Amino acid sequence: MIDLTGLEPVARGAVRDIYAHPQDSGLLIKVINLARRQHEAARSRYDRLRKPDFSDVFLQEIDMVYRTGRRASGQAGRLPLVEALGLVMTSSGVGQLCERIDGPDGLAPTLGALMRDGRFDAAALDKLNDFISRLYELRVVVRDLHPENVVWDEREDTFVLVDGFGLWTLVPIHAWLKLASDRQLDHAIREKLVPRSGLKWDGGQRRLSM
Ligand SMILES: Nc1ncnc2c1ncn2[C@@H]1O[C@H](COP(=O)(O)OP(=O)(O)OP(=O)(O)O)[C@@H](O)[C@H]1O
Ligand SMILES: [Mg+2]
């Protein structure tokens with residue numbers, strides 16, 4: 001059991017708090033934040049039958065990393081998604097262990113941060129298109145391609161998805177059919193990335209442009 005009491009998260013999302021691993025500087029621990037845990041605890045039994053606990057997302061991500069790693073085995077270069085490694089029990093409930101991607105000053109900058117800071121240039125756009133191509137090629141099932149869910153890994157010279165991926169349906173249709181994972185990714189780009197980034201999307205060529 002890892003005691004996180006008194007520690008400050010290094011980052012926060014809408015539902016997860018992200019902590020530096022107290023013993024391993026290469027790892028992060030993601031836990032469901034207090035507000036969401038309280039919301040989960042207050043849900044009715046009927047509601048639970050309809051929709052699983054939010055922390056199921058931890059397993060969905062680990063499963064997606066496994067499937068993608070298997071598909072990419074033998075290929076050079078890192079996976080286009082964060083290596084979610086396993087589960088740990090913490091003082092804030094079940095946590096997910098994952099690799100920590102660093103930037104020049106602390107955690108790696110997100111795509112959103114690069115855009116806000118005016119650091120998203122033509123070279124970065126090429127890298128973003130390479131990243132998107134890898135997601136299609138490796139059939140990563142992406143639900144939420146928000147610019148804050150994509151970080152820049154400067155060491156590996158590539159963008160990496162840190163959140164918003166995994167299989168969530170009872171029947172894993174997106175894992176079975178490339179057409180289904182492709183359509184899901186098309187949708188995530190059109191509905192989540194394009195409106196929040198201001199980039200243009202050519203659905204035929206599957207390329208982004210300024
Ligand atoms: N492995 C990682 N390496 C570096 N930074 C990370 C990593 N994972 C998450 N982050 C940072 O923490 C932030 C929040 O993490 P994450 O997106 O997993 O939380 P969330 O609550 O699920 O997000 P959302 O608000 O999209 O629901 C990210 O936007 C990113 O800046
Ligand atoms: Mg996020």
# chains A, B, ... in the order shown; residues from 1 in each chain; ligands from 1
>>> residues_around(residues="region 69-86 of chain A", least_positions_apart="6", cutoff="9 Å", atoms="only C-alpha atoms", output="PyMOL selection string")
chain A and resi 58-59+61-63+95-101+131-132+134-135+138-140+150+156+158-163+165
>>> residues_around(residues="region 185-201 of chain A", least_positions_apart="5", cutoff="8 Å", atoms="only C-alpha atoms", output="MDAnalysis selection string")
chainID A and resid 112 115 136 141:147 206:210
>>> write_last_selection(atoms="all heavy atoms", output="tab-separated table (two decimals), in the first residue's frame")
chain	number	residue	atom	x	y	z
A	112	GLY	N	-1.87	20.68	-25.97
A	112	GLY	CA	-2.59	21.92	-25.68
A	112	GLY	C	-1.64	23.01	-25.22
A	112	GLY	O	-1.73	24.16	-25.66
A	115	MET	N	0.45	24.42	-28.02
A	115	MET	CA	-0.33	25.32	-28.87
A	115	MET	C	-0.54	26.67	-28.19
A	115	MET	O	-0.40	27.71	-28.82
A	115	MET	CB	-1.68	24.67	-29.21
A	115	MET	CG	-1.49	23.52	-30.18
A	115	MET	SD	-3.02	22.70	-30.57
A	115	MET	CE	-2.61	22.14	-32.22
A	136	TYR	N	-3.66	4.71	-36.04
A	136	TYR	CA	-4.46	3.91	-37.00
A	136	TYR	C	-3.80	2.56	-37.25
A	136	TYR	O	-4.46	1.52	-37.21
A	136	TYR	CB	-4.59	4.65	-38.34
A	136	TYR	CG	-5.67	5.71	-38.35
A	136	TYR	CD1	-5.34	7.06	-38.35
A	136	TYR	CD2	-7.02	5.38	-38.38
A	136	TYR	CE1	-6.31	8.05	-38.36
A	136	TYR	CE2	-8.01	6.35	-38.39
A	136	TYR	CZ	-7.65	7.68	-38.39
A	136	TYR	OH	-8.63	8.66	-38.40
A	141	VAL	N	-7.64	2.05	-29.82
A	141	VAL	CA	-9.03	2.49	-29.72
A	141	VAL	C	-9.05	3.77	-28.87
A	141	VAL	O	-8.75	3.74	-27.68
A	141	VAL	CB	-9.92	1.39	-29.10
A	141	VAL	CG1	-11.36	1.87	-28.99
A	141	VAL	CG2	-9.81	0.12	-29.93
A	142	VAL	N	-9.37	4.88	-29.53
A	142	VAL	CA	-9.26	6.18	-28.88
A	142	VAL	C	-10.64	6.79	-28.70
A	142	VAL	O	-11.42	6.89	-29.65
A	142	VAL	CB	-8.39	7.15	-29.72
A	142	VAL	CG1	-8.22	8.47	-29.00
A	142	VAL	CG2	-7.03	6.53	-30.01
A	143	ARG	N	-10.92	7.18	-27.47
A	143	ARG	CA	-12.23	7.78	-27.19
A	143	ARG	C	-12.14	9.28	-27.12
A	143	ARG	O	-12.99	9.99	-27.59
A	143	ARG	CB	-12.75	7.25	-25.86
A	143	ARG	CG	-13.38	5.91	-26.01
A	143	ARG	CD	-14.10	5.55	-24.75
A	143	ARG	NE	-13.20	4.95	-23.80
A	143	ARG	CZ	-13.56	4.62	-22.58
A	143	ARG	NH1	-14.78	4.86	-22.16
A	143	ARG	NH2	-12.70	4.06	-21.76
A	144	ASP	N	-11.07	9.77	-26.47
A	144	ASP	CA	-11.01	11.20	-26.18
A	144	ASP	C	-9.64	11.75	-26.59
A	144	ASP	O	-8.70	11.70	-25.82
A	144	ASP	CB	-11.25	11.41	-24.68
A	144	ASP	CG	-11.35	12.89	-24.33
A	144	ASP	OD1	-11.31	13.72	-25.26
A	144	ASP	OD2	-11.46	13.21	-23.14
A	145	LEU	N	-9.59	12.27	-27.82
A	145	LEU	CA	-8.31	12.81	-28.30
A	145	LEU	C	-8.26	14.32	-28.01
A	145	LEU	O	-8.10	15.13	-28.91
A	145	LEU	CB	-8.15	12.51	-29.79
A	145	LEU	CG	-6.71	12.56	-30.33
A	145	LEU	CD1	-5.81	11.60	-29.59
A	145	LEU	CD2	-6.70	12.21	-31.82
A	146	HIS	N	-8.40	14.63	-26.76
A	146	HIS	CA	-8.31	16.01	-26.27
A	146	HIS	C	-6.83	16.42	-26.30
A	146	HIS	O	-5.97	15.62	-25.96
A	146	HIS	CB	-8.85	16.01	-24.84
A	146	HIS	CG	-9.14	17.35	-24.29
A	146	HIS	ND1	-8.14	18.26	-24.02
A	146	HIS	CD2	-10.30	17.94	-23.95
A	146	HIS	CE1	-8.70	19.34	-23.54
A	146	HIS	NE2	-10.00	19.18	-23.49
A	147	PRO	N	-6.52	17.68	-26.67
A	147	PRO	CA	-5.10	18.09	-26.71
A	147	PRO	C	-4.39	17.96	-25.35
A	147	PRO	O	-3.17	17.86	-25.31
A	147	PRO	CB	-5.15	19.55	-27.16
A	147	PRO	CG	-6.45	19.70	-27.85
A	147	PRO	CD	-7.40	18.73	-27.21
A	206	ARG	N	-6.53	11.29	-44.18
A	206	ARG	CA	-6.25	11.15	-42.73
A	206	ARG	C	-5.01	11.95	-42.34
A	206	ARG	O	-4.04	11.44	-41.78
A	206	ARG	CB	-6.11	9.67	-42.34
A	206	ARG	CG	-7.43	8.93	-42.43
A	206	ARG	CD	-7.48	7.65	-41.66
A	206	ARG	NE	-8.85	7.19	-41.48
A	206	ARG	CZ	-9.28	5.96	-41.77
A	206	ARG	NH1	-8.43	5.06	-42.22
A	206	ARG	NH2	-10.52	5.64	-41.59
A	207	ARG	N	-5.06	13.27	-42.69
A	207	ARG	CA	-3.96	14.18	-42.35
A	207	ARG	C	-4.53	15.45	-41.74
A	207	ARG	O	-5.57	15.94	-42.16
A	207	ARG	CB	-3.17	14.61	-43.59
A	207	ARG	CG	-2.57	13.53	-44.44
A	207	ARG	CD	-1.30	12.95	-43.92
A	207	ARG	NE	-0.18	13.87	-43.74
A	207	ARG	CZ	0.94	13.50	-43.12
A	207	ARG	NH1	1.08	12.29	-42.59
A	207	ARG	NH2	1.93	14.35	-42.99
A	208	LEU	N	-3.79	15.96	-40.76
A	208	LEU	CA	-4.13	17.26	-40.17
A	208	LEU	C	-3.32	18.35	-40.85
A	208	LEU	O	-2.20	18.10	-41.29
A	208	LEU	CB	-3.78	17.26	-38.68
A	208	LEU	CG	-4.65	16.38	-37.77
A	208	LEU	CD1	-3.90	16.08	-36.47
A	208	LEU	CD2	-5.99	17.03	-37.50
A	209	SER	N	-3.89	19.55	-40.92
A	209	SER	CA	-3.11	20.69	-41.42
A	209	SER	C	-3.48	21.92	-40.61
A	209	SER	O	-4.48	21.94	-39.89
A	209	SER	CB	-3.40	20.92	-42.92
A	209	SER	OG	-4.77	21.18	-43.09
A	210	MET	N	-2.65	22.96	-40.76
A	210	MET	CA	-2.87	24.23	-40.00
A	210	MET	C	-4.06	24.99	-40.60
A	210	MET	O	-4.23	25.01	-41.79
A	210	MET	CB	-1.64	25.11	-40.10
A	210	MET	CG	-0.39	24.50	-39.50
A	210	MET	SD	-0.32	24.75	-37.74
A	210	MET	CE	1.40	24.32	-37.41
>>> residues_near_ligand(ligand="ligand 2", cutoff="6 Å", atoms="only C-alpha atoms and all ligand atoms", output="short mmCIF file (atom, residue, chain, number, x, y, z; two decimals) with C-alpha atoms, in the first residue's frame")
data_model
loop_
_atom_site.label_atom_id
_atom_site.label_comp_id
_atom_site.auth_asym_id
_atom_site.auth_seq_id
_atom_site.Cartn_x
_atom_site.Cartn_y
_atom_site.Cartn_z
CA GLY A 13 -7.19 15.96 -14.77
CA GLU A 148 -4.50 17.72 -22.92
CA ASN A 149 -4.43 13.93 -23.34
CA ASP A 163 -5.47 9.20 -21.47
#
>>> residues_around(residues="region 26-37 of chain A", least_positions_apart="3", cutoff="9 Å", atoms="only C-alpha atoms", output="number ranges by chain")
A: 10, 12-23, 40-42, 54-55, 58, 87-88, 90, 92-102
>>> atom_distance(atom1="CA of Arg183 (chain A)", atom2="CA of Leu128 (chain A)")
18.7 Å
>>> atom_distance(atom1="atom 26 (O, counted along the ligand's line) of ligand 1", atom2="CA of Asp153 (chain A)")
18.1 Å
>>> atom_distance(atom1="CA of Ala180 (chain A)", atom2="CA of Asp202 (chain A)")
18.7 Å
>>> select_by_dssp(residues="chain A", states="helix (DSSP H, G or I)", output="ChimeraX atom specification")
/A:34-41,45-50,56-72,111-116,122-137,147-149,173-176,178-197
>>> write_last_selection(atoms="C-alpha atoms", output="PDB file, in the first residue's frame")
ATOM      1  CA  LEU A  34     -11.872  12.595  -4.157  1.00  0.00           C
ATOM      2  CA  ALA A  35     -14.902  14.230  -5.809  1.00  0.00           C
ATOM      3  CA  ARG A  36     -15.253  11.363  -8.258  1.00  0.00           C
ATOM      4  CA  ARG A  37     -14.715   8.715  -5.555  1.00  0.00           C
ATOM      5  CA  GLN A  38     -17.475  10.313  -3.495  1.00  0.00           C
ATOM      6  CA  HIS A  39     -19.715  10.379  -6.550  1.00  0.00           C
ATOM      7  CA  GLU A  40     -18.993   6.667  -7.198  1.00  0.00           C
ATOM      8  CA  ALA A  41     -19.738   5.749  -3.554  1.00  0.00           C
ATOM      9  CA  ARG A  45     -27.100  -0.380  -7.240  1.00  0.00           C
ATOM     10  CA  TYR A  46     -29.197   0.036 -10.376  1.00  0.00           C
ATOM     11  CA  ASP A  47     -26.858   2.720 -11.666  1.00  0.00           C
ATOM     12  CA  ARG A  48     -23.865   0.448 -10.998  1.00  0.00           C
ATOM     13  CA  LEU A  49     -25.449  -2.313 -13.078  1.00  0.00           C
ATOM     14  CA  ARG A  50     -25.846   0.068 -15.989  1.00  0.00           C
ATOM     15  CA  ASP A  56     -12.467   0.383 -14.647  1.00  0.00           C
ATOM     16  CA  VAL A  57     -10.722   2.808 -16.985  1.00  0.00           C
ATOM     17  CA  PHE A  58      -7.428   1.698 -15.373  1.00  0.00           C
ATOM     18  CA  LEU A  59      -7.925  -1.852 -16.610  1.00  0.00           C
ATOM     19  CA  GLN A  60      -9.178  -0.698 -20.012  1.00  0.00           C
ATOM     20  CA  GLU A  61      -5.960   1.282 -20.460  1.00  0.00           C
ATOM     21  CA  ILE A  62      -3.707  -1.576 -19.344  1.00  0.00           C
ATOM     22  CA  ASP A  63      -5.565  -3.895 -21.733  1.00  0.00           C
ATOM     23  CA  MET A  64      -5.088  -1.439 -24.633  1.00  0.00           C
ATOM     24  CA  VAL A  65      -1.366  -1.100 -23.898  1.00  0.00           C
ATOM     25  CA  TYR A  66      -1.092  -4.894 -23.935  1.00  0.00           C
ATOM     26  CA  ARG A  67      -2.940  -5.220 -27.267  1.00  0.00           C
ATOM     27  CA  THR A  68      -0.961  -2.380 -28.858  1.00  0.00           C
ATOM     28  CA  GLY A  69       2.379  -3.691 -27.563  1.00  0.00           C
ATOM     29  CA  ARG A  70       1.589  -7.115 -28.980  1.00  0.00           C
ATOM     30  CA  ARG A  71       0.734  -5.622 -32.350  1.00  0.00           C
ATOM     31  CA  ALA A  72       3.875  -3.448 -32.370  1.00  0.00           C
ATOM     32  CA  LEU A 111      -0.208  19.307 -27.102  1.00  0.00           C
ATOM     33  CA  GLY A 112      -2.591  21.921 -25.680  1.00  0.00           C
ATOM     34  CA  ALA A 113       0.258  23.641 -23.816  1.00  0.00           C
ATOM     35  CA  LEU A 114       2.486  23.677 -26.930  1.00  0.00           C
ATOM     36  CA  MET A 115      -0.334  25.322 -28.868  1.00  0.00           C
ATOM     37  CA  ARG A 116      -1.072  27.894 -26.162  1.00  0.00           C
ATOM     38  CA  ALA A 122       5.161  22.851 -38.985  1.00  0.00           C
ATOM     39  CA  ALA A 123       7.672  20.311 -37.632  1.00  0.00           C
ATOM     40  CA  ALA A 124       5.375  19.555 -34.674  1.00  0.00           C
ATOM     41  CA  LEU A 125       2.444  19.167 -37.085  1.00  0.00           C
ATOM     42  CA  ASP A 126       4.427  16.525 -39.016  1.00  0.00           C
ATOM     43  CA  LYS A 127       5.102  14.712 -35.751  1.00  0.00           C
ATOM     44  CA  LEU A 128       1.415  14.905 -34.840  1.00  0.00           C
ATOM     45  CA  ASN A 129       0.492  13.372 -38.212  1.00  0.00           C
ATOM     46  CA  ASP A 130       3.075  10.592 -37.666  1.00  0.00           C
ATOM     47  CA  PHE A 131       1.528   9.944 -34.245  1.00  0.00           C
ATOM     48  CA  ILE A 132      -1.999   9.790 -35.732  1.00  0.00           C
ATOM     49  CA  SER A 133      -0.815   7.359 -38.433  1.00  0.00           C
ATOM     50  CA  ARG A 134       0.667   5.097 -35.754  1.00  0.00           C
ATOM     51  CA  LEU A 135      -2.650   5.118 -33.852  1.00  0.00           C
ATOM     52  CA  TYR A 136      -4.457   3.913 -36.996  1.00  0.00           C
ATOM     53  CA  GLU A 137      -1.753   1.387 -37.871  1.00  0.00           C
ATOM     54  CA  PRO A 147      -5.104  18.088 -26.707  1.00  0.00           C
ATOM     55  CA  GLU A 148      -4.495  17.717 -22.921  1.00  0.00           C
ATOM     56  CA  ASN A 149      -4.426  13.932 -23.337  1.00  0.00           C
ATOM     57  CA  ILE A 173     -16.051  -4.855 -31.493  1.00  0.00           C
ATOM     58  CA  HIS A 174     -13.352  -2.174 -31.836  1.00  0.00           C
ATOM     59  CA  ALA A 175     -10.669  -4.785 -31.131  1.00  0.00           C
ATOM     60  CA  TRP A 176     -12.082  -7.255 -33.625  1.00  0.00           C
ATOM     61  CA  LYS A 178     -10.147  -2.527 -37.961  1.00  0.00           C
ATOM     62  CA  LEU A 179     -13.032  -0.708 -39.615  1.00  0.00           C
ATOM     63  CA  ALA A 180     -14.544  -0.100 -36.159  1.00  0.00           C
ATOM     64  CA  SER A 181     -11.314   1.171 -34.536  1.00  0.00           C
ATOM     65  CA  ASP A 182     -10.633   3.358 -37.601  1.00  0.00           C
ATOM     66  CA  ARG A 183     -14.128   4.871 -37.401  1.00  0.00           C
ATOM     67  CA  GLN A 184     -13.734   5.441 -33.668  1.00  0.00           C
ATOM     68  CA  LEU A 185     -10.435   7.266 -34.236  1.00  0.00           C
ATOM     69  CA  ASP A 186     -11.920   9.306 -37.114  1.00  0.00           C
ATOM     70  CA  HIS A 187     -14.678  10.331 -34.694  1.00  0.00           C
ATOM     71  CA  ALA A 188     -12.257  11.209 -31.850  1.00  0.00           C
ATOM     72  CA  ILE A 189     -10.234  13.418 -34.212  1.00  0.00           C
ATOM     73  CA  ARG A 190     -13.266  15.162 -35.717  1.00  0.00           C
ATOM     74  CA  GLU A 191     -15.176  15.651 -32.462  1.00  0.00           C
ATOM     75  CA  LYS A 192     -12.405  16.157 -29.878  1.00  0.00           C
ATOM     76  CA  LEU A 193      -9.130  17.176 -31.482  1.00  0.00           C
ATOM     77  CA  VAL A 194     -10.236  19.410 -34.346  1.00  0.00           C
ATOM     78  CA  PRO A 195     -12.632  21.677 -32.372  1.00  0.00           C
ATOM     79  CA  ARG A 196     -10.110  22.106 -29.535  1.00  0.00           C
ATOM     80  CA  SER A 197      -6.980  22.592 -31.638  1.00  0.00           C
TER      81      SER A 197
END
>>> closest_residue(among="A:Gly164, A:Gly6, A:Gly204, A:Pro104", to="ligand 1", atoms="only C-alpha atoms and all ligand atoms")
A:Gly164
>>> closest_residue(among="A:Phe120, A:Asp105, A:Pro52, A:Ala11", to="ligand 1", atoms="only C-alpha atoms and all ligand atoms")
A:Ala11
>>> closest_residue(among="A:Leu167, A:Gly118, A:Pro109, A:Pro172", to="Glu154 (chain A)", atoms="only C-alpha atoms")
A:Pro109
>>> closest_residue(among="A:Glu8, A:Val151, A:Lys51, A:Ser44", to="ligand 1", atoms="only C-alpha atoms and all ligand atoms")
A:Val151
>>> closest_residue(among="A:Gln205, A:Asp121, A:Thr5, A:Ser25", to="Leu107 (chain A)", atoms="only C-alpha atoms")
A:Ser25
>>> closest_residue(among="A:Leu170, A:Ala108, A:Leu4, A:Leu177", to="ligand 1", atoms="only C-alpha atoms and all ligand atoms")
A:Ala108
